[in-house]
>>> print(open('start.cif').read())   # mmCIF, C-alpha atoms
data_structure
#
loop_
_atom_site.group_PDB
_atom_site.id
_atom_site.type_symbol
_atom_site.label_atom_id
_atom_site.label_comp_id
_atom_site.auth_asym_id
_atom_site.auth_seq_id
_atom_site.Cartn_x
_atom_site.Cartn_y
_atom_site.Cartn_z
ATOM 1 C CA MET F 1378 75.116 97.870 116.669
ATOM 2 C CA VAL F 1379 75.606 94.547 114.848
ATOM 3 C CA ILE F 1380 77.088 96.328 111.837
ATOM 4 C CA TYR F 1381 79.342 98.444 114.056
ATOM 5 C CA ASN F 1382 80.643 95.375 115.888
ATOM 6 C CA SER F 1383 81.165 93.539 112.612
ATOM 7 C CA LEU F 1384 83.225 96.411 111.206
ATOM 8 C CA ILE F 1385 85.341 96.612 114.364
ATOM 9 C CA ASP F 1386 85.949 92.859 114.105
ATOM 10 C CA LYS F 1387 87.023 93.192 110.452
ATOM 11 C CA LYS F 1388 89.356 96.099 111.277
ATOM 12 C CA ASN F 1389 90.930 94.133 114.099
ATOM 13 C CA GLN F 1390 91.353 91.081 111.862
ATOM 14 C CA VAL F 1391 93.319 93.224 109.376
ATOM 15 C CA ASN F 1392 95.566 94.462 112.186
ATOM 16 C CA TYR F 1393 96.017 90.892 113.426
ATOM 17 C CA ALA F 1394 96.889 89.648 109.930
ATOM 18 C CA PHE F 1395 99.387 92.448 109.401
ATOM 19 C CA SER F 1396 101.049 91.766 112.738
ATOM 20 C CA GLY F 1397 101.342 88.081 111.786
ATOM 21 C CA MET F 1398 103.023 89.057 108.554
ATOM 22 C CA ASP F 1399 105.242 91.480 110.455
ATOM 23 C CA VAL F 1400 106.427 88.651 112.740
ATOM 24 C CA MET F 1401 107.457 86.602 109.696
ATOM 25 C CA LEU F 1402 109.257 89.602 108.206
ATOM 26 C CA LYS F 1403 111.152 90.057 111.488
ATOM 27 C CA LYS F 1404 112.283 86.434 111.267
ATOM 28 C CA ARG F 1405 113.642 87.210 107.820
ATOM 29 C CA TYR F 1406 115.338 90.382 109.054
ATOM 30 C CA ASP F 1407 117.024 88.359 111.796
ATOM 31 C CA LEU F 1408 118.489 85.923 109.248
ATOM 32 C CA ILE F 1409 119.913 88.595 106.937
ATOM 33 C CA PRO F 1410 123.033 89.542 108.971
ATOM 34 C CA ASN F 1411 124.044 85.859 109.022
ATOM 35 C CA LEU F 1412 123.517 85.598 105.278
ATOM 36 C CA VAL F 1413 125.560 88.730 104.648
ATOM 37 C CA GLU F 1414 128.446 87.481 106.798
ATOM 38 C CA ILE F 1415 128.589 84.060 105.139
ATOM 39 C CA VAL F 1416 128.328 85.444 101.604
ATOM 40 C CA LYS F 1417 130.891 88.168 102.394
ATOM 41 C CA ARG F 1418 133.533 85.532 103.138
ATOM 42 C CA TYR F 1419 133.209 83.920 99.731
ATOM 43 C CA ALA F 1420 131.722 86.512 97.403
ATOM 44 C CA VAL F 1421 134.163 89.406 97.442
ATOM 45 C CA HIS F 1422 132.694 90.859 94.231
ATOM 46 C CA GLU F 1423 129.168 91.120 95.664
ATOM 47 C CA ARG F 1424 130.039 93.943 98.058
ATOM 48 C CA GLU F 1425 127.643 96.496 96.547
ATOM 49 C CA LEU F 1426 124.730 94.064 96.637
ATOM 50 C CA LEU F 1427 125.492 93.055 100.234
ATOM 51 C CA GLU F 1428 125.695 96.702 101.290
ATOM 52 C CA ARG F 1429 122.344 97.380 99.633
ATOM 53 C CA LEU F 1430 120.789 94.397 101.429
ATOM 54 C CA THR F 1431 122.198 95.576 104.768
ATOM 55 C CA TYR F 1432 120.917 99.112 104.161
ATOM 56 C CA ILE F 1433 117.394 97.920 103.293
ATOM 57 C CA ARG F 1434 117.325 95.668 106.363
ATOM 58 C CA ALA F 1435 118.403 98.557 108.598
ATOM 59 C CA GLN F 1436 115.568 100.696 107.245
ATOM 60 C CA ALA F 1437 113.061 97.869 107.597
ATOM 61 C CA VAL F 1438 113.752 97.197 111.269
ATOM 62 C CA HIS F 1439 113.376 100.888 112.105
ATOM 63 C CA GLY F 1440 110.300 101.208 114.315
ATOM 64 C CA ASP F 1441 108.772 104.399 112.899
ATOM 65 C CA LEU F 1442 107.511 103.074 109.563
ATOM 66 C CA SER F 1443 103.948 103.044 108.319
ATOM 67 C CA ASP F 1444 102.444 99.826 107.015
ATOM 68 C CA GLU F 1445 102.857 101.108 103.461
ATOM 69 C CA GLU F 1446 106.530 101.921 104.017
ATOM 70 C CA ARG F 1447 107.122 98.479 105.527
ATOM 71 C CA VAL F 1448 105.577 96.813 102.500
ATOM 72 C CA ALA F 1449 107.631 98.922 100.070
ATOM 73 C CA LEU F 1450 110.830 98.028 101.913
ATOM 74 C CA ASP F 1451 109.777 94.394 101.988
ATOM 75 C CA ASN F 1452 109.441 94.479 98.204
ATOM 76 C CA GLN F 1453 112.962 95.881 97.937
ATOM 77 C CA LEU F 1454 114.310 93.353 100.414
ATOM 78 C CA THR F 1455 112.681 90.443 98.602
ATOM 79 C CA GLY F 1456 114.285 91.580 95.354
ATOM 80 C CA ALA F 1457 117.713 91.991 96.937
ATOM 81 C CA LEU F 1458 117.540 88.564 98.582
ATOM 82 C CA GLY F 1459 116.620 87.021 95.249
ATOM 83 C CA GLN F 1460 119.590 88.706 93.631
ATOM 84 C CA ILE F 1461 121.924 87.390 96.330
ATOM 85 C CA MET F 1462 120.680 83.859 95.735
ATOM 86 C CA ILE F 1463 121.294 84.217 92.007
ATOM 87 C CA ALA F 1464 124.746 85.724 92.576
ATOM 88 C CA VAL F 1465 125.671 82.766 94.796
ATOM 89 C CA GLU F 1466 125.550 80.540 91.711
ATOM 90 C CA SER F 1467 128.951 81.958 90.731
ATOM 91 C CA TYR F 1468 130.564 80.684 93.938
ATOM 92 C CA PRO F 1469 130.679 76.869 94.117
ATOM 93 C CA ASP F 1470 132.522 76.887 97.458
ATOM 94 C CA LEU F 1471 129.782 79.017 98.989
ATOM 95 C CA LYS F 1472 127.044 76.797 97.572
ATOM 96 C CA ALA F 1473 128.721 73.811 99.262
ATOM 97 C CA ASN F 1474 129.141 75.532 102.652
ATOM 98 C CA GLN F 1475 126.948 73.776 105.242
ATOM 99 C CA ASN F 1476 126.225 76.991 107.154
ATOM 100 C CA PHE F 1477 125.072 78.663 103.962
ATOM 101 C CA LEU F 1478 122.921 75.667 103.000
ATOM 102 C CA HIS F 1479 121.289 75.679 106.430
ATOM 103 C CA LEU F 1480 120.712 79.432 106.241
ATOM 104 C CA GLN F 1481 119.291 79.117 102.732
ATOM 105 C CA ALA F 1482 116.865 76.423 103.925
ATOM 106 C CA SER F 1483 115.819 78.648 106.836
ATOM 107 C CA LEU F 1484 115.249 81.575 104.487
ATOM 108 C CA ASN F 1485 113.181 79.385 102.164
ATOM 109 C CA GLU F 1486 111.021 78.275 105.088
ATOM 110 C CA VAL F 1487 110.542 81.863 106.257
ATOM 111 C CA GLU F 1488 109.669 82.947 102.698
ATOM 112 C CA GLU F 1489 106.944 80.281 102.584
ATOM 113 C CA GLN F 1490 105.586 81.518 105.914
ATOM 114 C CA ILE F 1491 105.659 85.114 104.649
ATOM 115 C CA SER F 1492 103.769 84.049 101.554
ATOM 116 C CA ALA F 1493 101.106 82.337 103.664
ATOM 117 C CA SER F 1494 100.789 85.356 105.957
ATOM 118 C CA ARG F 1495 100.424 87.646 102.937
ATOM 119 C CA ARG F 1496 97.570 85.497 101.633
ATOM 120 C CA PHE F 1497 95.865 85.661 105.048
ATOM 121 C CA TYR F 1498 96.408 89.416 105.201
ATOM 122 C CA ASN F 1499 94.952 89.904 101.720
ATOM 123 C CA ALA F 1500 91.906 87.786 102.617
ATOM 124 C CA THR F 1501 91.226 89.839 105.753
ATOM 125 C CA VAL F 1502 91.732 93.118 103.885
ATOM 126 C CA THR F 1503 89.318 91.991 101.175
ATOM 127 C CA ASP F 1504 86.733 91.072 103.814
ATOM 128 C CA TYR F 1505 87.274 94.422 105.541
ATOM 129 C CA ASN F 1506 86.999 96.364 102.265
ATOM 130 C CA ASN F 1507 83.803 94.519 101.391
ATOM 131 C CA GLY F 1508 82.415 95.401 104.820
ATOM 132 C CA ILE F 1509 83.100 99.109 104.507
ATOM 133 C CA GLU F 1510 81.953 99.380 100.902
ATOM 134 C CA MET F 1511 78.737 97.297 100.856
ATOM 135 C CA PHE F 1512 75.350 98.672 101.788
ATOM 136 C CA PRO F 1513 74.220 99.168 104.570
ATOM 137 C CA SER F 1514 77.494 98.749 106.462
ATOM 138 C CA ASN F 1515 79.118 101.431 104.271
ATOM 139 C CA LEU F 1516 76.920 104.015 105.987
ATOM 140 C CA VAL F 1517 78.169 103.016 109.426
ATOM 141 C CA ALA F 1518 81.754 102.710 108.142
ATOM 142 C CA GLY F 1519 81.549 106.272 106.816
ATOM 143 C CA MET F 1520 80.441 107.537 110.225
ATOM 144 C CA MET F 1521 83.295 105.593 111.848
ATOM 145 C CA GLY F 1522 85.821 107.116 109.445
ATOM 146 C CA LEU F 1523 87.006 103.730 108.165
ATOM 147 C CA LYS F 1524 89.039 103.890 104.971
ATOM 148 C CA ARG F 1525 89.760 101.292 102.341
ATOM 149 C CA LYS F 1526 92.990 99.330 102.823
ATOM 150 C CA GLN F 1527 95.294 98.088 100.105
ATOM 151 C CA VAL F 1528 95.955 94.422 99.573
ATOM 152 C CA PHE F 1529 99.561 93.320 99.379
ATOM 153 C CA VAL F 1530 100.725 93.032 95.774
ATOM 154 C CA ILE F 1531 104.082 92.215 94.309
ATOM 155 C CA ALA F 1532 105.680 94.846 92.078
ATOM 156 C CA VAL F 1533 105.490 94.018 88.372
ATOM 157 C CA GLN F 1534 109.255 93.585 88.073
ATOM 158 C CA MET F 1535 109.237 91.004 90.843
ATOM 159 C CA ARG F 1536 106.668 88.929 88.951
ATOM 160 C CA GLN F 1537 108.927 88.696 85.930
ATOM 161 C CA ASN F 1538 111.635 86.090 85.664
ATOM 162 C CA LEU F 1539 115.168 87.383 85.514
ATOM 163 C CA ASP F 1540 116.730 86.788 82.104
ATOM 164 C CA LEU F 1541 119.614 84.509 83.055
ATOM 165 C CA ASN F 1542 121.191 84.973 79.625
ATOM 166 C CA LEU F 1543 122.134 88.453 80.817
ATOM 167 C CA LEU F 1544 124.313 86.857 83.467
ATOM 168 C CA TRP F 1545 126.417 85.019 80.920
ATOM 169 C CA ASP F 1546 126.526 87.774 78.293
ATOM 170 C CA ARG F 1547 127.570 90.747 80.443
ATOM 171 C CA GLY F 1548 129.846 89.539 83.216
ATOM 172 C CA SER F 1549 129.384 88.564 86.816
ATOM 173 C CA PRO F 1550 125.903 88.224 88.278
ATOM 174 C CA SER F 1551 126.494 91.073 90.699
ATOM 175 C CA GLN F 1552 127.349 93.498 87.906
ATOM 176 C CA VAL F 1553 124.254 92.648 85.889
ATOM 177 C CA ILE F 1554 121.936 92.501 88.861
ATOM 178 C CA SER F 1555 123.121 95.536 90.752
ATOM 179 C CA GLN F 1556 123.328 97.774 87.714
ATOM 180 C CA ASN F 1557 120.101 96.878 85.945
ATOM 181 C CA HIS F 1558 117.516 94.725 87.590
ATOM 182 C CA LEU F 1559 117.914 95.768 91.227
ATOM 183 C CA GLN F 1560 117.798 99.475 90.373
ATOM 184 C CA LYS F 1561 114.630 99.045 88.311
ATOM 185 C CA MET F 1562 112.988 97.030 91.081
ATOM 186 C CA THR F 1563 113.973 99.565 93.722
ATOM 187 C CA ASN F 1564 112.692 102.506 91.687
ATOM 188 C CA LYS F 1565 109.403 100.775 90.933
ATOM 189 C CA ALA F 1566 108.911 99.676 94.558
ATOM 190 C CA ASN F 1567 109.461 103.254 95.698
ATOM 191 C CA LEU F 1568 106.876 104.516 93.220
ATOM 192 C CA THR F 1569 104.175 101.907 93.650
ATOM 193 C CA GLY F 1570 104.305 101.059 97.353
ATOM 194 C CA PHE F 1571 101.739 98.262 97.449
#
>>> encode(input="start.cif", output="structure tokens")
Amino acid sequence: MVIYNSLIDKKNQVNYAFSGMDVMLKKRYDLIPNLVEIVKRYAVHERELLERLTYIRAQAVHGDLSDEERVALDNQLTGALGQIMIAVESYPDLKANQNFLHLQASLNEVEEQISASRRFYNATVTDYNNGIEMFPSNLVAGMMGLKRKQVFVIAVQMRQNLDLNLLWDRGSPSQVISQNHLQKMTNKANLTGF
């Protein structure tokens, strides 16, 4: 009975941690339309990237996604947001816009909160996985049908720094980013999930 209760507690902690992360992701999703509108006014050449960001956000806020699908979309969204921030460097008027600066600060704060919630989620998943895999609780976990959960990991491409020399050698940031880096990140995120 003690083992059973402990496993239920661990499972519920994972759900709680994921819901906390989900709340932070929703905050980010709520900021994206504002970002798109502000950038759209200044960055006419970033249309493709803004459309991609809007599309990913629309998929992410859809209610019928599994946890794995949410994480995969979050990886794509994180990459697209990073590309927008890099593309903004080509627009000095946009970088000086007070609304954009405020929005950028809000996004940075939300990203820090997302990072903290991911760490909490990973800690609870690790504790849960240990509980269902270690003897003797693994016997009870098997009878309960509990399965191992995946920790949240960043796709390999997202861990690598973007080669900024590409921006200067091949044209505008949006051309380089949307044609090369974003496509690779999207493909890899679709293949790896988390």
>>> atom_distance(input="start.cif", atom1="atom CA of F:Tyr1393", atom2="atom CA of F:Thr1501")
9.1 Å
>>> atom_distance(input="start.cif", atom1="atom CA of F:Gln1460", atom2="atom CA of F:Leu1484")
13.7 Å
>>> closest_residue(input="start.cif", among="F:Ile1509, F:Ile1409, F:Met1521, F:Leu1454", to="F:Ser1483", atoms="all atoms listed in the file")
F:Ile1409
>>> residues_near_point(input="start.cif", point="(124.8, 96.4, 106.6)", cutoff="12 Å", atoms="all atoms listed in the file", output="ChimeraX atom specification")
/F:1406,1409-1414,1417,1424-1437
>>> axis_aligned_box(input="start.cif", around="stretch 1466-1481 of chain F", padding_each_side="3 Å", output="AutoDock Vina command-line options")
--center_x 125.9 --center_y 77.9 --center_z 98.9 --size_x 19.2 --size_y 14.2 --size_z 22.4
>>> closest_residue(input="start.cif", among="F:Lys1388, F:Arg1447, F:Ala1464, F:Phe1529", to="F:Phe1497", atoms="only C-alpha atoms")
F:Phe1529
>>> closest_residue(input="start.cif", among="F:Asn1507, F:Ser1494, F:Gln1475, F:Asn1389", to="F:Ile1415", atoms="all atoms listed in the file")
F:Gln1475
>>> closest_residue(input="start.cif", among="F:Asn1485, F:Asn1474, F:Ser1467, F:Gln1453", to="F:Leu1408", atoms="only C-alpha atoms")
F:Asn1485
>>> resolve_selection(input="start.cif", expression="the PyMOL selection byres ((chain F and resi 1387) around 9)", output="PyMOL selection string")
chain F and resi 1382-1386+1388-1392+1501-1502+1504-1506+1508
>>> closest_residue(input="start.cif", among="F:His1479, F:Gln1527, F:Gly1397, F:Lys1403", to="F:His1439", atoms="all atoms listed in the file")
F:Lys1403
>>> closest_residue(input="start.cif", among="F:Val1487, F:Val1530, F:Leu1480, F:Ala1500", to="F:Met1401", atoms="all atoms listed in the file")
F:Val1487
>>> build_atoms(input="start.cif", residues="stretch 1441-1474 of chain F", atoms="N, CA and C atoms", output="short mmCIF file (atom, residue, chain, number, x, y, z; two decimals), in the coordinates of the input")
data_model
loop_
_atom_site.label_atom_id
_atom_site.label_comp_id
_atom_site.auth_asym_id
_atom_site.auth_seq_id
_atom_site.Cartn_x
_atom_site.Cartn_y
_atom_site.Cartn_z
N ASP F 1441 109.69 103.30 113.21
CA ASP F 1441 108.77 104.40 112.90
C ASP F 1441 108.24 104.36 111.48
N LEU F 1442 107.98 103.18 110.93
CA LEU F 1442 107.51 103.07 109.56
C LEU F 1442 106.01 102.80 109.52
N SER F 1443 105.36 103.36 108.53
CA SER F 1443 103.95 103.04 108.32
C SER F 1443 103.85 101.66 107.68
N ASP F 1444 102.65 101.12 107.66
CA ASP F 1444 102.44 99.83 107.02
C ASP F 1444 102.85 99.88 105.55
N GLU F 1445 102.52 100.97 104.88
CA GLU F 1445 102.86 101.11 103.46
C GLU F 1445 104.36 101.14 103.25
N GLU F 1446 105.07 101.86 104.12
CA GLU F 1446 106.53 101.92 104.02
C GLU F 1446 107.17 100.56 104.28
N ARG F 1447 106.61 99.82 105.24
CA ARG F 1447 107.12 98.48 105.53
C ARG F 1447 106.97 97.57 104.31
N VAL F 1448 105.83 97.66 103.66
CA VAL F 1448 105.58 96.81 102.50
C VAL F 1448 106.51 97.19 101.35
N ALA F 1449 106.72 98.48 101.14
CA ALA F 1449 107.63 98.92 100.07
C ALA F 1449 109.05 98.42 100.33
N LEU F 1450 109.50 98.53 101.58
CA LEU F 1450 110.83 98.03 101.91
C LEU F 1450 110.90 96.51 101.79
N ASP F 1451 109.81 95.85 102.14
CA ASP F 1451 109.78 94.39 101.99
C ASP F 1451 109.91 94.01 100.52
N ASN F 1452 109.28 94.75 99.63
CA ASN F 1452 109.44 94.48 98.20
C ASN F 1452 110.90 94.63 97.79
N GLN F 1453 111.55 95.68 98.26
CA GLN F 1453 112.96 95.88 97.94
C GLN F 1453 113.83 94.77 98.52
N LEU F 1454 113.54 94.40 99.75
CA LEU F 1454 114.31 93.35 100.41
C LEU F 1454 114.14 92.01 99.72
N THR F 1455 112.94 91.70 99.32
CA THR F 1455 112.68 90.44 98.60
C THR F 1455 113.49 90.40 97.31
N GLY F 1456 113.51 91.52 96.59
CA GLY F 1456 114.28 91.58 95.35
C GLY F 1456 115.77 91.42 95.60
N ALA F 1457 116.29 92.08 96.63
CA ALA F 1457 117.71 91.99 96.94
C ALA F 1457 118.10 90.59 97.38
N LEU F 1458 117.25 89.94 98.17
CA LEU F 1458 117.54 88.56 98.58
C LEU F 1458 117.56 87.63 97.38
N GLY F 1459 116.63 87.83 96.47
CA GLY F 1459 116.62 87.02 95.25
C GLY F 1459 117.89 87.21 94.44
N GLN F 1460 118.38 88.43 94.39
CA GLN F 1460 119.59 88.71 93.63
C GLN F 1460 120.81 88.06 94.29
N ILE F 1461 120.83 88.06 95.62
CA ILE F 1461 121.92 87.39 96.33
C ILE F 1461 121.92 85.91 95.99
N MET F 1462 120.75 85.30 96.00
CA MET F 1462 120.68 83.86 95.74
C MET F 1462 121.12 83.54 94.31
N ILE F 1463 120.83 84.42 93.38
CA ILE F 1463 121.29 84.22 92.01
C ILE F 1463 122.80 84.42 91.93
N ALA F 1464 123.31 85.45 92.60
CA ALA F 1464 124.75 85.72 92.58
C ALA F 1464 125.55 84.58 93.17
N VAL F 1465 124.99 83.88 94.14
CA VAL F 1465 125.67 82.77 94.80
C VAL F 1465 126.02 81.67 93.80
N GLU F 1466 125.29 81.57 92.72
CA GLU F 1466 125.55 80.54 91.71
C GLU F 1466 126.97 80.63 91.16
N SER F 1467 127.59 81.78 91.24
CA SER F 1467 128.95 81.96 90.73
C SER F 1467 130.03 81.51 91.72
N TYR F 1468 129.61 81.04 92.89
CA TYR F 1468 130.56 80.68 93.94
C TYR F 1468 130.31 79.25 94.42
N PRO F 1469 130.93 78.27 93.75
CA PRO F 1469 130.68 76.87 94.12
C PRO F 1469 131.06 76.55 95.56
N ASP F 1470 132.13 77.16 96.08
CA ASP F 1470 132.52 76.89 97.46
C ASP F 1470 131.45 77.36 98.44
N LEU F 1471 130.85 78.50 98.14
CA LEU F 1471 129.78 79.02 98.99
C LEU F 1471 128.55 78.11 98.92
N LYS F 1472 128.21 77.67 97.72
CA LYS F 1472 127.04 76.80 97.57
C LYS F 1472 127.22 75.49 98.32
N ALA F 1473 128.45 75.06 98.56
CA ALA F 1473 128.72 73.81 99.26
C ALA F 1473 128.88 74.01 100.77
N ASN F 1474 128.95 75.24 101.24
CA ASN F 1474 129.14 75.53 102.65
C ASN F 1474 127.89 75.12 103.44
#
